[in-house]
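Visitor: The structure that follows is given in the form of structure tokens.
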Amino acid sequence: MEVIKANKLLIAQQEVIGKIALADSLKSSLNVLCQAIDAFWGSVAVASVMVKRENYLQVKSAPNLPVTYLESLNHVRIASDGGACGKAAFYGKTHVSKDIKNDPCWEQAQVDKALKHGFSSCWSIPIFASTKEVIGTFAIYFPSENTPTDNDFEFIGYFTHLAGIAIESDTRRSQELLLTQQLERANTQFLNITKVIPDVAILLSESGDYIELYGQKNLELHVHTDEIIGKNVCDLHSPATANKITNTIQRALCSNSVESLEYIISWNGVDRHFEGRVVKVPENVFTTERTVLWLARNITEKIKRKEQIESLAMQDSLTGIANRRCLNQRIQTAYQQAKTGQFSTAVLYVDLDNFKDINDMQGHGVGDCVLQKAVETLSSNLPPDIFLSRVGGDEFVVLIQEENYHTNTTALSYAEKILELLSKPISINNVAYFLGASIGYYLIDNSTKPEFDAISFSDIAMYEAKKRGGGQIVCFEPSMLAKKAERLELERAILNSLKFEHFYTLFQPLVDSNGNVLGAEALCRWEHPKLGYITPDTFIPIAEHLGVIFDLQDRVLADTCRLLKSVNRVLGDQNFKVSINISSILLKNQQLKSRILATLEKFNITPKQLKLEITETTLVEIRRTSLDQLKELQRLGMTISLDDFGTGYSSLSYIDTLPVDELKIDGSFIKSMMASNVKLSLVDTIINLGKLLGYKVVAECVETREELALLKEKSVDLFQGYYFSKALNKKDILNYITTNERNMVL
């Protein structure tokens, strides 16, 4: 029987050695060892091998241990109280737990699990590496108390040694595999870098001889790179370039910094631009001679792109003509030439009169096409030496230069020519668009001072041409600066007043024929601390230009909602309406609806209490999308009032299609109807038209008892004006609404 066991152990030994030699898996080798030991003791012993991982042990092989017990061996601490295996690994000595239950190195939880699985004793032997370092443990579990004999120790020690060889071999193979993978990855990365890096690395001697090349081989060095080795830079470059290179080499050798230069290689009539970066190579690395490493990069495409970018930076992307940056350079040149007395230059600032309406009503796509066509017209009909640039959306600057000083006459001549060209219709998709233009101009001559801003001065003159009705040509005059300064002061004042809340809202009552106050009109007012009272006709257009009209609108709407909230509380119903004025800029903005509804929701005000006043001109000019937005607000319950009716140019065939609930007779008719039969007839016509279309009719600017009596006879629905009350603040209009004084005036 002992012979049979010995043969089995010998076979197991040979199998393990074979697995180690053939680099089989560690677990497979250790399983053979464990099974051989289990077979040696029969059913009374179970073996396991644990491998050290930092400060704990992990089971690597235990083919016959119960799976439920293996869970407790997953992370055994290497410590004096870490059980038999943990203690053996901690001290590097064999530990025999003859009686697990009473061995103090076992924690109670470990004892309970061992006993539960029928293990009463355990022998644990440390496994050593060739360096005498503990790398694992061998453990044998018995169902009864058991103590090893010397023969047992000898037998187990032999297999423990085999386990150490297997573990160490596996560790070495893993390290070799990892190192191999790292080397392969590094080699692959190096090869990929040399493939994509846009440089060639050249090793050059102190005298300029080519020693070695690395990296790219297709930099178009005008000779094959294999032919370069052994040659000198003087053999391959022009004397000037070779001299630059050798000087750079000497600078690099005399310093520890990177030296650089750009140079050109001409080949087959084509110039190729290169960038060189040179650094000294430490001595005795490549050669005994002093050397430098030269990184050469072909930057020809980079130079071309830079030139293209510089060209594009001077060009308007939409029209292809010069932009403001290019214009500024030309203006500086004009100043310098004017100083010498050689040339004078006329600066024409051209603004397209009707472009904004086309752009707003037809969209930016059509607007862009109109601008391109306008530029084509000017470019093809003006002399090629006249400078044409685009400086803004629909604004252009034309420079006309002359050697003699008849520039004023010439400027007027060309300005008239430009007006004539831009007055002709422009056809886009078989639709004709009429632009027109306003032109301001300024002359740069030898009397022009350096601080004078020719573009700004011509721009100021252009705005004066606009104010005169458009289609005009105006020469800059110093007196215009005062108006410009006044406007700039107002612009700054508006922005500051928005910040410090200098704007406020007043309310003028709307009264019916029985004296009942049915509503009010909200009026935005501005009282500046230094400039005093400023009329809406003055500040509203500037606010629109600055893009802050929505800020004013939001404030008026919020004040209106606060008033309505107070009125609703006082009157106990929601029939009182307040009207707010909506400018064309606001109406064209698609955020109008959402912003109004958001404010109403914030104050819990119903849409039916809000009335939107739109001027007649604005309503017939807005785009379809804006009209749809207005119809949606009307559908939600808001009243749409057509303000200043009779002063616009709406067609009677068109007006009945507009979303209108109310006509408001312009105050100029009311003021003059008592003295003019024509104006009185117009008032009759407006009232009759409103009644015919089913609209309510409102008369504003009612100031006398006679005007009121006449309008009441004509069945006007609502009245507004100083006869009833001036515009009041929130407190005063609440008092006006809740007293009976208003009935005394009827």
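Every chain in the structure tokens takes a letter, A first, then B, and so on in the order presented; its residues are numbered from 1, and the ligands are numbered from 1 following the presented order.
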Residues within 12 Å of Phe550 of chain A, please, as a VMD selection string. Count only C-alpha atoms; anything in the same chain fewer than 5 positions from it doesn't count.

Guide: chain A and resid 498 540 543 to 545 555 to 558 581 to 592 595 to 596

Visitor: Keeping only N, CA, C and O atoms, write the selected residues to a file as an mmCIF file, in the first residue's frame.

Guide:
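Heads up, here's the output in again_24.cif:
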data_model
loop_
_atom_site.group_PDB
_atom_site.id
_atom_site.type_symbol
_atom_site.label_atom_id
_atom_site.label_comp_id
_atom_site.auth_asym_id
_atom_site.auth_seq_id
_atom_site.Cartn_x
_atom_site.Cartn_y
_atom_site.Cartn_z
ATOM 1 N N LEU A 498 -32.004 102.912 -16.583
ATOM 2 C CA LEU A 498 -32.550 101.562 -16.444
ATOM 3 C C LEU A 498 -31.969 100.890 -15.208
ATOM 4 O O LEU A 498 -32.661 100.180 -14.471
ATOM 5 N N ILE A 540 -37.798 106.741 -26.827
ATOM 6 C CA ILE A 540 -38.230 105.426 -27.331
ATOM 7 C C ILE A 540 -37.400 104.981 -28.543
ATOM 8 O O ILE A 540 -36.893 103.847 -28.579
ATOM 9 N N ALA A 543 -34.018 103.890 -27.334
ATOM 10 C CA ALA A 543 -34.106 102.604 -26.624
ATOM 11 C C ALA A 543 -34.217 101.447 -27.607
ATOM 12 O O ALA A 543 -33.635 100.378 -27.400
ATOM 13 N N GLU A 544 -34.956 101.667 -28.692
ATOM 14 C CA GLU A 544 -35.063 100.626 -29.727
ATOM 15 C C GLU A 544 -33.710 100.395 -30.384
ATOM 16 O O GLU A 544 -33.301 99.250 -30.621
ATOM 17 N N HIS A 545 -33.003 101.481 -30.665
ATOM 18 C CA HIS A 545 -31.680 101.370 -31.293
ATOM 19 C C HIS A 545 -30.694 100.648 -30.372
ATOM 20 O O HIS A 545 -29.879 99.840 -30.833
ATOM 21 N N ARG A 555 -40.962 96.675 -17.681
ATOM 22 C CA ARG A 555 -41.247 97.509 -16.513
ATOM 23 C C ARG A 555 -42.663 98.062 -16.569
ATOM 24 O O ARG A 555 -43.384 98.072 -15.563
ATOM 25 N N VAL A 556 -43.069 98.544 -17.755
ATOM 26 C CA VAL A 556 -44.422 99.088 -17.907
ATOM 27 C C VAL A 556 -45.451 97.989 -17.668
ATOM 28 O O VAL A 556 -46.465 98.199 -16.989
ATOM 29 N N LEU A 557 -45.204 96.799 -18.219
ATOM 30 C CA LEU A 557 -46.144 95.693 -18.059
ATOM 31 C C LEU A 557 -46.242 95.270 -16.588
ATOM 32 O O LEU A 557 -47.340 94.982 -16.084
ATOM 33 N N ALA A 558 -45.115 95.235 -15.888
ATOM 34 C CA ALA A 558 -45.132 94.869 -14.471
ATOM 35 C C ALA A 558 -45.908 95.910 -13.653
ATOM 36 O O ALA A 558 -46.724 95.554 -12.779
ATOM 37 N N ASN A 581 -48.610 100.282 -25.003
ATOM 38 C CA ASN A 581 -48.190 100.492 -26.391
ATOM 39 C C ASN A 581 -47.135 99.468 -26.783
ATOM 40 O O ASN A 581 -46.177 99.229 -26.040
ATOM 41 N N ILE A 582 -47.297 98.876 -27.950
ATOM 42 C CA ILE A 582 -46.355 97.886 -28.481
ATOM 43 C C ILE A 582 -45.710 98.459 -29.738
ATOM 44 O O ILE A 582 -46.395 98.704 -30.742
ATOM 45 N N SER A 583 -44.391 98.678 -29.695
ATOM 46 C CA SER A 583 -43.691 99.233 -30.858
ATOM 47 C C SER A 583 -43.463 98.156 -31.904
ATOM 48 O O SER A 583 -43.613 96.952 -31.647
ATOM 49 N N SER A 584 -43.088 98.577 -33.106
ATOM 50 C CA SER A 584 -42.861 97.627 -34.202
ATOM 51 C C SER A 584 -41.705 96.688 -33.882
ATOM 52 O O SER A 584 -41.734 95.506 -34.237
ATOM 53 N N ILE A 585 -40.684 97.203 -33.190
ATOM 54 C CA ILE A 585 -39.542 96.358 -32.817
ATOM 55 C C ILE A 585 -39.993 95.219 -31.918
ATOM 56 O O ILE A 585 -39.613 94.056 -32.094
ATOM 57 N N LEU A 586 -40.844 95.552 -30.935
ATOM 58 C CA LEU A 586 -41.339 94.526 -30.023
ATOM 59 C C LEU A 586 -42.220 93.525 -30.742
ATOM 60 O O LEU A 586 -42.152 92.319 -30.499
ATOM 61 N N LEU A 587 -43.058 94.023 -31.637
ATOM 62 C CA LEU A 587 -44.002 93.153 -32.323
ATOM 63 C C LEU A 587 -43.302 92.171 -33.250
ATOM 64 O O LEU A 587 -43.779 91.049 -33.462
ATOM 65 N N LYS A 588 -42.150 92.559 -33.774
ATOM 66 C CA LYS A 588 -41.417 91.677 -34.678
ATOM 67 C C LYS A 588 -40.608 90.625 -33.933
ATOM 68 O O LYS A 588 -40.121 89.675 -34.535
ATOM 69 N N ASN A 589 -40.472 90.816 -32.627
ATOM 70 C CA ASN A 589 -39.710 89.859 -31.828
ATOM 71 C C ASN A 589 -40.610 88.711 -31.390
ATOM 72 O O ASN A 589 -41.663 88.921 -30.799
ATOM 73 N N GLN A 590 -40.173 87.485 -31.679
ATOM 74 C CA GLN A 590 -41.005 86.317 -31.391
ATOM 75 C C GLN A 590 -41.092 85.989 -29.900
ATOM 76 O O GLN A 590 -41.832 85.076 -29.513
ATOM 77 N N GLN A 591 -40.372 86.742 -29.069
ATOM 78 C CA GLN A 591 -40.463 86.524 -27.623
ATOM 79 C C GLN A 591 -41.592 87.334 -26.985
ATOM 80 O O GLN A 591 -41.882 87.168 -25.795
ATOM 81 N N LEU A 592 -42.231 88.215 -27.763
ATOM 82 C CA LEU A 592 -43.236 89.118 -27.195
ATOM 83 C C LEU A 592 -44.331 88.346 -26.457
ATOM 84 O O LEU A 592 -44.648 88.631 -25.300
ATOM 85 N N ARG A 595 -43.161 86.559 -23.193
ATOM 86 C CA ARG A 595 -42.789 87.469 -22.109
ATOM 87 C C ARG A 595 -44.028 88.117 -21.489
ATOM 88 O O ARG A 595 -44.102 88.292 -20.266
ATOM 89 N N ILE A 596 -45.011 88.481 -22.328
ATOM 90 C CA ILE A 596 -46.245 89.068 -21.796
ATOM 91 C C ILE A 596 -46.975 88.057 -20.920
ATOM 92 O O ILE A 596 -47.390 88.353 -19.800
#

Visitor: Just list as an MDAnalysis selection string whatever in segment 356-445 of chain A DSSP marks as strand (DSSP E).

Guide: chainID A and resid 387:390 395:402 426:428 431:433 437:444

Visitor: Using only C-alpha atoms, which protein or nucleic acid residues come within 8 Å of segment 502-515 of chain A? Drop anything in the same chain fewer than 4 positions from it, and give the result as JSON, numbers by chain.

Guide: {"A": [497, 498, 519, 520, 521, 522, 523, 524, 525, 526, 527, 528, 552, 555, 556, 559, 712, 716, 717, 718, 719, 720, 721, 724, 725, 726, 727, 728, 729, 730, 733, 742, 743, 746]}

Visitor: Can you write just those residues out, C-alpha atoms, as a CSV table (one decimal), in the first residue's frame?

Guide:
chain,number,residue,atom,x,y,z
A,497,SER,CA,-31.6,105.2,-15.8
A,498,LEU,CA,-32.5,101.6,-16.4
A,519,GLY,CA,-59.7,101.4,-18.0
A,520,ALA,CA,-56.5,103.3,-18.5
A,521,GLU,CA,-53.6,103.7,-20.8
A,522,ALA,CA,-50.1,102.9,-19.4
A,523,LEU,CA,-47.6,105.6,-20.4
A,524,CYS,CA,-43.8,105.2,-19.9
A,525,ARG,CA,-42.2,108.4,-18.6
A,526,TRP,CA,-38.6,109.4,-17.9
A,527,GLU,CA,-37.4,111.9,-15.4
A,528,HIS,CA,-33.6,112.1,-15.5
A,552,LEU,CA,-38.8,99.3,-20.8
A,555,ARG,CA,-41.2,97.5,-16.5
A,556,VAL,CA,-44.4,99.1,-17.9
A,559,ASP,CA,-46.4,98.3,-13.2
A,712,LYS,CA,-70.9,111.6,-27.7
A,716,VAL,CA,-67.9,107.2,-29.6
A,717,ASP,CA,-67.4,104.4,-27.0
A,718,LEU,CA,-64.5,105.6,-24.9
A,719,PHE,CA,-62.8,108.9,-24.2
A,720,GLN,CA,-59.4,109.9,-23.0
A,721,GLY,CA,-57.8,113.3,-22.5
A,724,PHE,CA,-61.1,114.0,-17.7
A,725,SER,CA,-57.6,113.7,-16.2
A,726,LYS,CA,-53.9,114.0,-16.9
A,727,ALA,CA,-51.8,110.9,-16.6
A,728,LEU,CA,-51.7,109.8,-13.0
A,729,ASN,CA,-49.5,107.6,-10.8
A,730,LYS,CA,-50.8,104.4,-9.4
A,733,ILE,CA,-55.6,106.8,-10.4
A,742,ARG,CA,-65.3,111.9,-12.4
A,743,ASN,CA,-69.1,112.0,-12.9
A,746,LEU,CA,-70.0,115.0,-17.9

Visitor: If you count only C-alpha atoms, which residues fall within 10 Å of Trp106 of chain A, apart from same-chain ones fewer than 2 positions away, as a list in words?

Guide: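 Near Trp106 of chain A, the qualifying residues are Ser80, Asp81, Gly82, Gly83, Ala84, Cys85, Gly86, Lys87, Ser97, Ile100, Lys101, Asn102, Asp103, Pro104, Gln108, Ala109, Gln110, Val111, Asp112 and Ala114 of chain A.
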
Visitor: Within 9 Å of segment 123-133 of chain A, counting only C-alpha atoms, which residues qualify if same-chain residues fewer than 3 places away don't, as a PyMOL selection string?

Guide: chain A and resi 51+84-89+91-98+136-142+146-148+156-157+160-161+163-165+167-168

Visitor: Taking only C-alpha atoms into account, which of A:Val398, A:Leu597, A:Cys105, A:Ile321 comes nearest Gln372 of chain A?

Guide: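 Among the listed residues, A:Ile321 lies closest to Gln372 of chain A.
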
Visitor: At a cut-off of 12 Å, using only C-alpha atoms, what residues contact Ser681 of chain A? Leave out same-chain residues fewer than 6 positions from it and give the result as a list in words.

Guide: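 Residues near the query, excluding close chain neighbours: Gly646, Phe669, Ile670, Ser672, Met673, Met674, Ala675, Ile687, Asn688 and Lys714 of chain A.
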
Visitor: Can I get the selected residues back with N, CA, C and O atoms, as a PDB file, in the first residue's frame?

Guide:
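Below you can see selection-v1.pdb, which holds the result:
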ATOM      1  N   GLY A 646     -55.839 106.829 -38.915  1.00  0.00           N
ATOM      2  CA  GLY A 646     -56.044 107.959 -39.817  1.00  0.00           C
ATOM      3  C   GLY A 646     -54.759 108.629 -40.228  1.00  0.00           C
ATOM      4  O   GLY A 646     -54.730 109.400 -41.188  1.00  0.00           O
ATOM      5  N   PHE A 669     -56.748 114.833 -35.069  1.00  0.00           N
ATOM      6  CA  PHE A 669     -58.071 115.066 -35.658  1.00  0.00           C
ATOM      7  C   PHE A 669     -59.022 115.664 -34.623  1.00  0.00           C
ATOM      8  O   PHE A 669     -59.815 116.560 -34.925  1.00  0.00           O
ATOM      9  N   ILE A 670     -58.935 115.174 -33.379  1.00  0.00           N
ATOM     10  CA  ILE A 670     -59.831 115.656 -32.327  1.00  0.00           C
ATOM     11  C   ILE A 670     -59.567 117.135 -32.047  1.00  0.00           C
ATOM     12  O   ILE A 670     -60.504 117.934 -31.889  1.00  0.00           O
ATOM     13  N   SER A 672     -58.470 119.452 -33.997  1.00  0.00           N
ATOM     14  CA  SER A 672     -58.779 120.392 -35.085  1.00  0.00           C
ATOM     15  C   SER A 672     -60.187 120.227 -35.652  1.00  0.00           C
ATOM     16  O   SER A 672     -60.591 120.992 -36.535  1.00  0.00           O
ATOM     17  N   MET A 673     -60.978 119.261 -35.155  1.00  0.00           N
ATOM     18  CA  MET A 673     -62.271 118.992 -35.806  1.00  0.00           C
ATOM     19  C   MET A 673     -63.277 120.128 -35.580  1.00  0.00           C
ATOM     20  O   MET A 673     -64.180 120.332 -36.396  1.00  0.00           O
ATOM     21  N   MET A 674     -63.126 120.875 -34.465  1.00  0.00           N
ATOM     22  CA  MET A 674     -64.069 121.958 -34.202  1.00  0.00           C
ATOM     23  C   MET A 674     -63.844 123.138 -35.132  1.00  0.00           C
ATOM     24  O   MET A 674     -64.762 123.940 -35.360  1.00  0.00           O
ATOM     25  N   ALA A 675     -62.620 123.244 -35.677  1.00  0.00           N
ATOM     26  CA  ALA A 675     -62.293 124.392 -36.532  1.00  0.00           C
ATOM     27  C   ALA A 675     -62.181 124.024 -37.995  1.00  0.00           C
ATOM     28  O   ALA A 675     -62.013 124.901 -38.845  1.00  0.00           O
ATOM     29  N   ILE A 687     -65.205 107.035 -37.424  1.00  0.00           N
ATOM     30  CA  ILE A 687     -66.195 106.462 -36.499  1.00  0.00           C
ATOM     31  C   ILE A 687     -67.112 105.504 -37.240  1.00  0.00           C
ATOM     32  O   ILE A 687     -67.376 104.379 -36.780  1.00  0.00           O
ATOM     33  N   ASN A 688     -67.581 105.920 -38.395  1.00  0.00           N
ATOM     34  CA  ASN A 688     -68.493 105.067 -39.174  1.00  0.00           C
ATOM     35  C   ASN A 688     -67.803 103.789 -39.634  1.00  0.00           C
ATOM     36  O   ASN A 688     -68.408 102.707 -39.636  1.00  0.00           O
ATOM     37  N   LYS A 714     -71.802 111.383 -31.730  1.00  0.00           N
ATOM     38  CA  LYS A 714     -71.388 110.482 -32.808  1.00  0.00           C
ATOM     39  C   LYS A 714     -71.158 109.052 -32.297  1.00  0.00           C
ATOM     40  O   LYS A 714     -70.588 108.214 -32.986  1.00  0.00           O
TER      41      LYS A 714
END

Visitor: Distance atom CA of Asp551 of chain A-atom CA of Ile358 of chain A, one decimal place?

Guide: 25.8 Å
